[in-house]
Amino acid sequence: MEKSLDSFTKRRISDINFTIDKDLNVKDGNRSFLRLIHKTDFNVNISYILEDSDVKNFKFFLATFDDSFPKRNFLVTIKPFENYISCIFTVTKKGDLFDVIIEELSYSRQLLDKALLESRELTALIQNFDAYYFTYDGQNFSLKNTKDLTTIFNGKRSAFQDYFTNTFRINLYNDDTRAQLDSMLNNIENFISNKYYTLLQVNKKILTVHTLKTSTRKNSLIVASMNLHKENEPVINAYSESRDGLTGLYNKKAITELAIKKINEEKAPCSLIILDADKFKECNDTFGHIFGDRVLVTIASCINDAIKGRGIAGRIGGDEFLILLDVTDEDDIRNITRNIRTGIQWSITNVEPESVVTCSMGIARCPINAKSYEELFELADKSLYIAKYRGRNCYIIYKPELHDKILIENKQVDDRMATGEFFYDTMNSEIKILEKLQHADKNQKESVMEILNLLIDFMQISKITIYDKDFNVLYLAGIDEINSRATFIKKCKNYFRIFNQYGFLFLDNTNILNSIDGERYELYRHMEISSTVEILNKDKNGENHLLICYDLYRPARTFKKDKLTFALLVARKLSEIL
């Protein structure tokens, strides 16, 4: 059974599709779907692999399917092979039937949670522990014997601390050890996990504790493995030497040395990933540094969940992480990075829906792309830059035939900036647009359309749409695609709730709405919009006057930052004219 699941995770997610009716009866599908549900024919109801609550919600979802949005997403938990897996169903209505594609799957967190909470899997897991381990369930600490899972102690924190320090002869006269013990218990009670604690015993031996968080829909649990070092070790805080104190990952020095050894000395095939948290500074400024620290711990946890057994990771900067994978197969890398990306997005927005922290990743492979750590890091860093340029919340696996051209074009822009040519051309374009604005006549549609077309060329965007106070389309320039925004705004009472205090919305990557505002996400997905800037202008009485929208279509790109300010200025001038 385990072998089947392992091989399944390596398949492309887009290969899995099926067709159902409104009562969830399967009408058709492909072989990957049959493999997923462990059946040989399609004579089955999809409720077979859904939780009861999801069955009810999915039936309601299909019964109320809005025909104006042919494609919609539904987050669901399925249970093939007796395991729980989160995935996203992308549903398209075809007459009385619905075509479903499984877009994304996340295995690691659900599989680990279930393994830790069932005795058979827990017994297998703790074979790597020493004689003892302990757990915390939100109320009590329980110290257990690894061999037969016998509970030796069960009680509240204060009693457990006394029993623990006496039983394992913890040296509380050592300041580092006392601080580590307090930190460990505090973090465990706050369900902060994936951290290592090094405690000195009175016999000058070291006791290491590693905490791991697991949960189901009803319960959460901290499992702490304990490893007693057999030989005497120096009286040092080993944790602080190789581990990052906040996240529990390797620190910069340790992860760099391990990566250099693996790549330069051992010549081992691997993949190097540089991960950067998107808009982390804005998160810190808005929600405070304590929440920012929680975000970094969450990112580390999502990385650990996704790479477990297949690599190592470290924190190399404030919000920057380095991951070294033992795999180089592109499908394997995509599955891992997809789990990291979606895990971070969903975990953080579930805690703070207004937060827009996501992650971008640049990936280079050894020896496919380079054979030294230095070259590999440089290529991964350049790939990260491209991921940021494409709108963030994505990953780029470096391929020279695709990405060298982008890097060359960016270098050419840098050269033009250095010589002043870029600023000269930009200034002339801006002056031309401003001159047209000065002489524009709202009664002459051609003059307004000329300005909009000039602005589209200048900003290198797909479309500009201007709506009146009732959100009817006044002007539309650029690629004339489906325009469902007006209908959606009229139906949605809270459309402007995520606009900032200055009356505009700027989204580098509309995918982040998937965990914030599902309906708006479906709107942009339906209109193929990857990035958008929307400006709501009001009149002197504070009433809505114009809504001006600048849109970029997929594939994902983002706005040129140096031109955004000018775009806002033009929107203000257009509001005065119209």
# chains A, B, ... in the order shown; residues from 1 in each chain; ligands from 1

$ select_by_dssp --residues "range 432-476 of chain A" --states "strand (DSSP E or B)" --output "ChimeraX atom specification"
/A:463-467,473-476

$ write_last_selection --atoms "N, CA, C and O atoms" --output "PDB file, in the first residue's frame"
ATOM      1  N   LYS A 463      -4.850  45.533 -20.400  1.00  0.00           N
ATOM      2  CA  LYS A 463      -6.134  46.208 -20.587  1.00  0.00           C
ATOM      3  C   LYS A 463      -6.340  47.303 -19.550  1.00  0.00           C
ATOM      4  O   LYS A 463      -5.857  47.211 -18.427  1.00  0.00           O
ATOM      5  N   ILE A 464      -7.059  48.349 -19.952  1.00  0.00           N
ATOM      6  CA  ILE A 464      -7.531  49.393 -19.032  1.00  0.00           C
ATOM      7  C   ILE A 464      -9.040  49.505 -19.201  1.00  0.00           C
ATOM      8  O   ILE A 464      -9.546  49.620 -20.318  1.00  0.00           O
ATOM      9  N   THR A 465      -9.757  49.463 -18.083  1.00  0.00           N
ATOM     10  CA  THR A 465     -11.217  49.602 -18.113  1.00  0.00           C
ATOM     11  C   THR A 465     -11.614  50.720 -17.156  1.00  0.00           C
ATOM     12  O   THR A 465     -11.119  50.790 -16.027  1.00  0.00           O
ATOM     13  N   ILE A 466     -12.509  51.596 -17.624  1.00  0.00           N
ATOM     14  CA  ILE A 466     -13.023  52.682 -16.790  1.00  0.00           C
ATOM     15  C   ILE A 466     -14.526  52.492 -16.624  1.00  0.00           C
ATOM     16  O   ILE A 466     -15.266  52.337 -17.605  1.00  0.00           O
ATOM     17  N   TYR A 467     -14.976  52.468 -15.354  1.00  0.00           N
ATOM     18  CA  TYR A 467     -16.382  52.291 -15.021  1.00  0.00           C
ATOM     19  C   TYR A 467     -16.938  53.593 -14.454  1.00  0.00           C
ATOM     20  O   TYR A 467     -16.232  54.345 -13.758  1.00  0.00           O
ATOM     21  N   VAL A 473     -19.474  50.083 -17.850  1.00  0.00           N
ATOM     22  CA  VAL A 473     -18.238  50.345 -18.587  1.00  0.00           C
ATOM     23  C   VAL A 473     -18.374  51.627 -19.404  1.00  0.00           C
ATOM     24  O   VAL A 473     -19.277  51.760 -20.233  1.00  0.00           O
ATOM     25  N   LEU A 474     -17.426  52.551 -19.149  1.00  0.00           N
ATOM     26  CA  LEU A 474     -17.355  53.780 -19.939  1.00  0.00           C
ATOM     27  C   LEU A 474     -16.372  53.624 -21.091  1.00  0.00           C
ATOM     28  O   LEU A 474     -16.667  53.969 -22.235  1.00  0.00           O
ATOM     29  N   TYR A 475     -15.168  53.129 -20.747  1.00  0.00           N
ATOM     30  CA  TYR A 475     -14.112  52.948 -21.748  1.00  0.00           C
ATOM     31  C   TYR A 475     -13.431  51.607 -21.506  1.00  0.00           C
ATOM     32  O   TYR A 475     -13.229  51.190 -20.366  1.00  0.00           O
ATOM     33  N   LEU A 476     -13.032  50.976 -22.606  1.00  0.00           N
ATOM     34  CA  LEU A 476     -12.292  49.720 -22.501  1.00  0.00           C
ATOM     35  C   LEU A 476     -11.249  49.715 -23.607  1.00  0.00           C
ATOM     36  O   LEU A 476     -11.587  49.789 -24.791  1.00  0.00           O
TER      37      LEU A 476
END

$ residues_around --residues "range 362-366 of chain A" --least-positions-apart "6" --cutoff "7 Å" --atoms "only C-alpha atoms" --output "list in words"
Pro269, Cys270, Ser271, Leu272, Ile273, Ile274, Leu275, Thr328, Leu376, Leu379, Ala380, Asp381, Ser383, Leu384, Ala387, Tyr395, Ile396, Ile397 and Tyr398 of chain A

$ write_last_selection --atoms "N, CA and C atoms" --output "CSV table (one decimal), in the first residue's frame"
chain,number,residue,atom,x,y,z
A,269,PRO,N,24.0,14.5,-6.6
A,269,PRO,CA,22.9,15.2,-7.3
A,269,PRO,C,21.9,15.8,-6.3
A,270,CYS,N,21.5,17.0,-6.5
A,270,CYS,CA,20.6,17.7,-5.6
A,270,CYS,C,20.0,18.9,-6.2
A,271,SER,N,19.0,19.5,-5.5
A,271,SER,CA,18.4,20.7,-6.0
A,271,SER,C,18.5,21.8,-4.9
A,272,LEU,N,18.9,23.0,-5.2
A,272,LEU,CA,19.1,24.1,-4.3
A,272,LEU,C,18.0,25.1,-4.5
A,273,ILE,N,17.2,25.4,-3.4
A,273,ILE,CA,16.1,26.3,-3.5
A,273,ILE,C,16.4,27.5,-2.6
A,274,ILE,N,16.2,28.7,-3.1
A,274,ILE,CA,16.2,29.9,-2.3
A,274,ILE,C,14.8,30.4,-2.1
A,275,LEU,N,14.3,30.4,-0.9
A,275,LEU,CA,12.9,30.9,-0.7
A,275,LEU,C,12.9,32.2,0.0
A,328,THR,N,16.2,15.6,-7.9
A,328,THR,CA,16.4,16.5,-9.1
A,328,THR,C,15.3,16.3,-10.1
A,376,LEU,N,25.5,27.3,-8.4
A,376,LEU,CA,24.2,26.9,-8.2
A,376,LEU,C,23.4,27.9,-7.4
A,379,LEU,N,22.5,30.9,-9.7
A,379,LEU,CA,21.4,30.6,-10.6
A,379,LEU,C,20.0,30.5,-9.9
A,380,ALA,N,20.0,29.9,-8.7
A,380,ALA,CA,18.8,29.9,-7.9
A,380,ALA,C,18.4,31.3,-7.5
A,381,ASP,N,19.4,32.2,-7.2
A,381,ASP,CA,19.1,33.6,-6.8
A,381,ASP,C,18.5,34.3,-8.0
A,383,SER,N,16.8,32.9,-10.5
A,383,SER,CA,15.5,32.4,-10.7
A,383,SER,C,14.5,33.0,-9.7
A,384,LEU,N,15.0,33.2,-8.4
A,384,LEU,CA,14.1,33.9,-7.4
A,384,LEU,C,13.7,35.2,-7.9
A,387,ALA,N,11.0,34.9,-10.3
A,387,ALA,CA,9.7,34.6,-9.6
A,387,ALA,C,9.1,35.9,-9.0
A,395,TYR,N,7.1,29.6,-8.0
A,395,TYR,CA,8.5,29.1,-8.0
A,395,TYR,C,9.0,29.0,-9.5
A,396,ILE,N,10.3,29.1,-9.6
A,396,ILE,CA,10.9,29.0,-10.9
A,396,ILE,C,12.0,28.0,-10.9
A,397,ILE,N,11.9,26.9,-11.6
A,397,ILE,CA,13.0,25.9,-11.8
A,397,ILE,C,13.8,26.4,-13.0
A,398,TYR,N,15.1,26.7,-12.7
A,398,TYR,CA,15.9,27.4,-13.7
A,398,TYR,C,16.1,26.4,-14.9

$ select_by_dssp --residues "range 447-544 of chain A" --states "alpha helix (DSSP H)" --output "count of residues only"
30

$ residues_around --residues "Arg243 in chain A" --least-positions-apart "3" --cutoff "10 Å" --atoms "only C-alpha atoms" --output "VMD selection string"
chain A and resid 195 to 197 238 to 240 246 to 255 314 to 315

$ closest_atom_pairs --of "range 283-397 of chain A" --to "range 495-508 of chain A" --cutoff "10 Å" --atoms "only C-alpha atoms" --output "JSON lines"
{"residue": "A:Glu354", "atom": "CA", "partner": "A:Ile498", "partner_atom": "CA", "distance": 8.2}
{"residue": "A:Val356", "atom": "CA", "partner": "A:Leu507", "partner_atom": "CA", "distance": 9.6}
{"residue": "A:Lys388", "atom": "CA", "partner": "A:Asp508", "partner_atom": "CA", "distance": 9.2}
{"residue": "A:Tyr389", "atom": "CA", "partner": "A:Asp508", "partner_atom": "CA", "distance": 9.1}
{"residue": "A:Arg390", "atom": "CA", "partner": "A:Asp508", "partner_atom": "CA", "distance": 8.3}
{"residue": "A:Gly391", "atom": "CA", "partner": "A:Asp508", "partner_atom": "CA", "distance": 4.8}
{"residue": "A:Arg392", "atom": "CA", "partner": "A:Asp508", "partner_atom": "CA", "distance": 6.9}
{"residue": "A:Asn393", "atom": "CA", "partner": "A:Asp508", "partner_atom": "CA", "distance": 9.0}

$ residues_around --residues "range 94-103 of chain A" --least-positions-apart "4" --cutoff "7 Å" --atoms "only C-alpha atoms" --output "PyMOL selection string"
chain A and resi 13-14+16-22+87-90

$ write_last_selection --atoms "N, CA, C and O atoms" --output "short mmCIF file (atom, residue, chain, number, x, y, z; two decimals), in the first residue's frame"
data_model
loop_
_atom_site.label_atom_id
_atom_site.label_comp_id
_atom_site.auth_asym_id
_atom_site.auth_seq_id
_atom_site.Cartn_x
_atom_site.Cartn_y
_atom_site.Cartn_z
N ILE A 13 -0.28 16.40 -11.21
CA ILE A 13 -1.61 16.56 -10.61
C ILE A 13 -2.67 16.76 -11.69
O ILE A 13 -3.78 16.28 -11.59
N SER A 14 -2.32 17.45 -12.79
CA SER A 14 -3.29 17.74 -13.83
C SER A 14 -3.77 16.49 -14.56
O SER A 14 -4.69 16.54 -15.34
N ILE A 16 -5.22 14.00 -13.25
CA ILE A 16 -6.36 13.40 -12.55
C ILE A 16 -7.62 14.19 -12.85
O ILE A 16 -7.74 15.35 -12.49
N ASN A 17 -8.59 13.57 -13.53
CA ASN A 17 -9.85 14.25 -13.82
C ASN A 17 -10.99 13.25 -13.88
O ASN A 17 -10.78 12.05 -14.14
N PHE A 18 -12.19 13.76 -13.65
CA PHE A 18 -13.38 12.91 -13.69
C PHE A 18 -14.60 13.77 -13.94
O PHE A 18 -14.54 15.00 -13.85
N THR A 19 -15.73 13.14 -14.25
CA THR A 19 -16.98 13.83 -14.51
C THR A 19 -18.05 13.27 -13.58
O THR A 19 -18.16 12.05 -13.41
N ILE A 20 -18.85 14.17 -12.97
CA ILE A 20 -19.90 13.75 -12.04
C ILE A 20 -21.18 14.50 -12.35
O ILE A 20 -21.19 15.52 -13.05
N ASP A 21 -22.29 13.97 -11.78
CA ASP A 21 -23.55 14.71 -11.84
C ASP A 21 -23.75 15.44 -10.51
O ASP A 21 -22.90 15.37 -9.61
N LYS A 22 -24.89 16.13 -10.37
CA LYS A 22 -25.11 16.94 -9.18
C LYS A 22 -25.27 16.09 -7.91
O LYS A 22 -25.15 16.61 -6.80
N CYS A 87 -7.00 18.76 -1.14
CA CYS A 87 -6.83 19.06 -2.55
C CYS A 87 -7.86 20.10 -2.98
O CYS A 87 -8.77 20.46 -2.24
N ILE A 88 -7.66 20.63 -4.18
CA ILE A 88 -8.56 21.62 -4.75
C ILE A 88 -9.20 21.03 -6.00
O ILE A 88 -8.51 20.61 -6.92
N PHE A 89 -10.53 20.97 -6.01
CA PHE A 89 -11.26 20.55 -7.19
C PHE A 89 -11.54 21.80 -8.05
O PHE A 89 -12.16 22.75 -7.56
N THR A 90 -11.09 21.80 -9.29
CA THR A 90 -11.48 22.85 -10.23
C THR A 90 -12.63 22.31 -11.06
O THR A 90 -12.48 21.34 -11.80
#

$ closest_residue --among "A:Glu257, A:Asp539, A:Asp276, A:Glu265" --to "Phe321 in chain A" --atoms "only C-alpha atoms"
A:Asp276

$ residues_around --residues "Ile433 in chain A" --least-positions-apart "5" --cutoff "9 Å" --atoms "only C-alpha atoms" --output "mmCIF file with N, CA and C atoms, in the first residue's frame"
data_model
loop_
_atom_site.group_PDB
_atom_site.id
_atom_site.type_symbol
_atom_site.label_atom_id
_atom_site.label_comp_id
_atom_site.auth_asym_id
_atom_site.auth_seq_id
_atom_site.Cartn_x
_atom_site.Cartn_y
_atom_site.Cartn_z
ATOM 1 N N ASN A 428 9.969 61.045 -22.021
ATOM 2 C CA ASN A 428 9.280 61.472 -23.241
ATOM 3 C C ASN A 428 7.897 60.842 -23.353
ATOM 4 N N GLN A 438 -3.929 66.942 -21.030
ATOM 5 C CA GLN A 438 -4.204 68.378 -20.896
ATOM 6 C C GLN A 438 -5.221 68.854 -21.918
ATOM 7 N N ILE A 451 -5.369 58.259 -25.234
ATOM 8 C CA ILE A 451 -4.600 58.309 -23.983
ATOM 9 C C ILE A 451 -4.461 56.913 -23.382
ATOM 10 N N LEU A 452 -5.560 56.183 -23.365
ATOM 11 C CA LEU A 452 -5.535 54.842 -22.771
ATOM 12 C C LEU A 452 -4.618 53.905 -23.547
ATOM 13 N N LEU A 454 -2.006 54.781 -25.374
ATOM 14 C CA LEU A 454 -0.631 55.204 -25.101
ATOM 15 C C LEU A 454 -0.174 54.666 -23.742
ATOM 16 N N LEU A 455 -1.082 54.701 -22.772
ATOM 17 C CA LEU A 455 -0.750 54.245 -21.425
ATOM 18 C C LEU A 455 -0.520 52.730 -21.394
ATOM 19 N N VAL A 570 -2.183 59.390 -13.637
ATOM 20 C CA VAL A 570 -3.064 59.435 -14.808
ATOM 21 C C VAL A 570 -4.505 59.135 -14.407
#

$ closest_residue --among "A:Thr558, A:Phe471, A:Ile456, A:Cys283" --to "Ile386 in chain A" --atoms "only C-alpha atoms"
A:Thr558

$ closest_residue --among "A:Thr426, A:Ser530, A:Ser183, A:Thr286" --to "Val209 in chain A" --atoms "only C-alpha atoms"
A:Ser183

$ closest_residue --among "A:Ile577, A:Leu568, A:Ala300, A:Ala268" --to "Asn194 in chain A" --atoms "only C-alpha atoms"
A:Ala300

$ closest_residue --among "A:Asn472, A:Thr146, A:Asn284, A:Asn453" --to "Ala486 in chain A" --atoms "only C-alpha atoms"
A:Asn472

$ closest_residue --among "A:Ile152, A:Leu24, A:Val44, A:Val91" --to "Asp66 in chain A" --atoms "only C-alpha atoms"
A:Val91
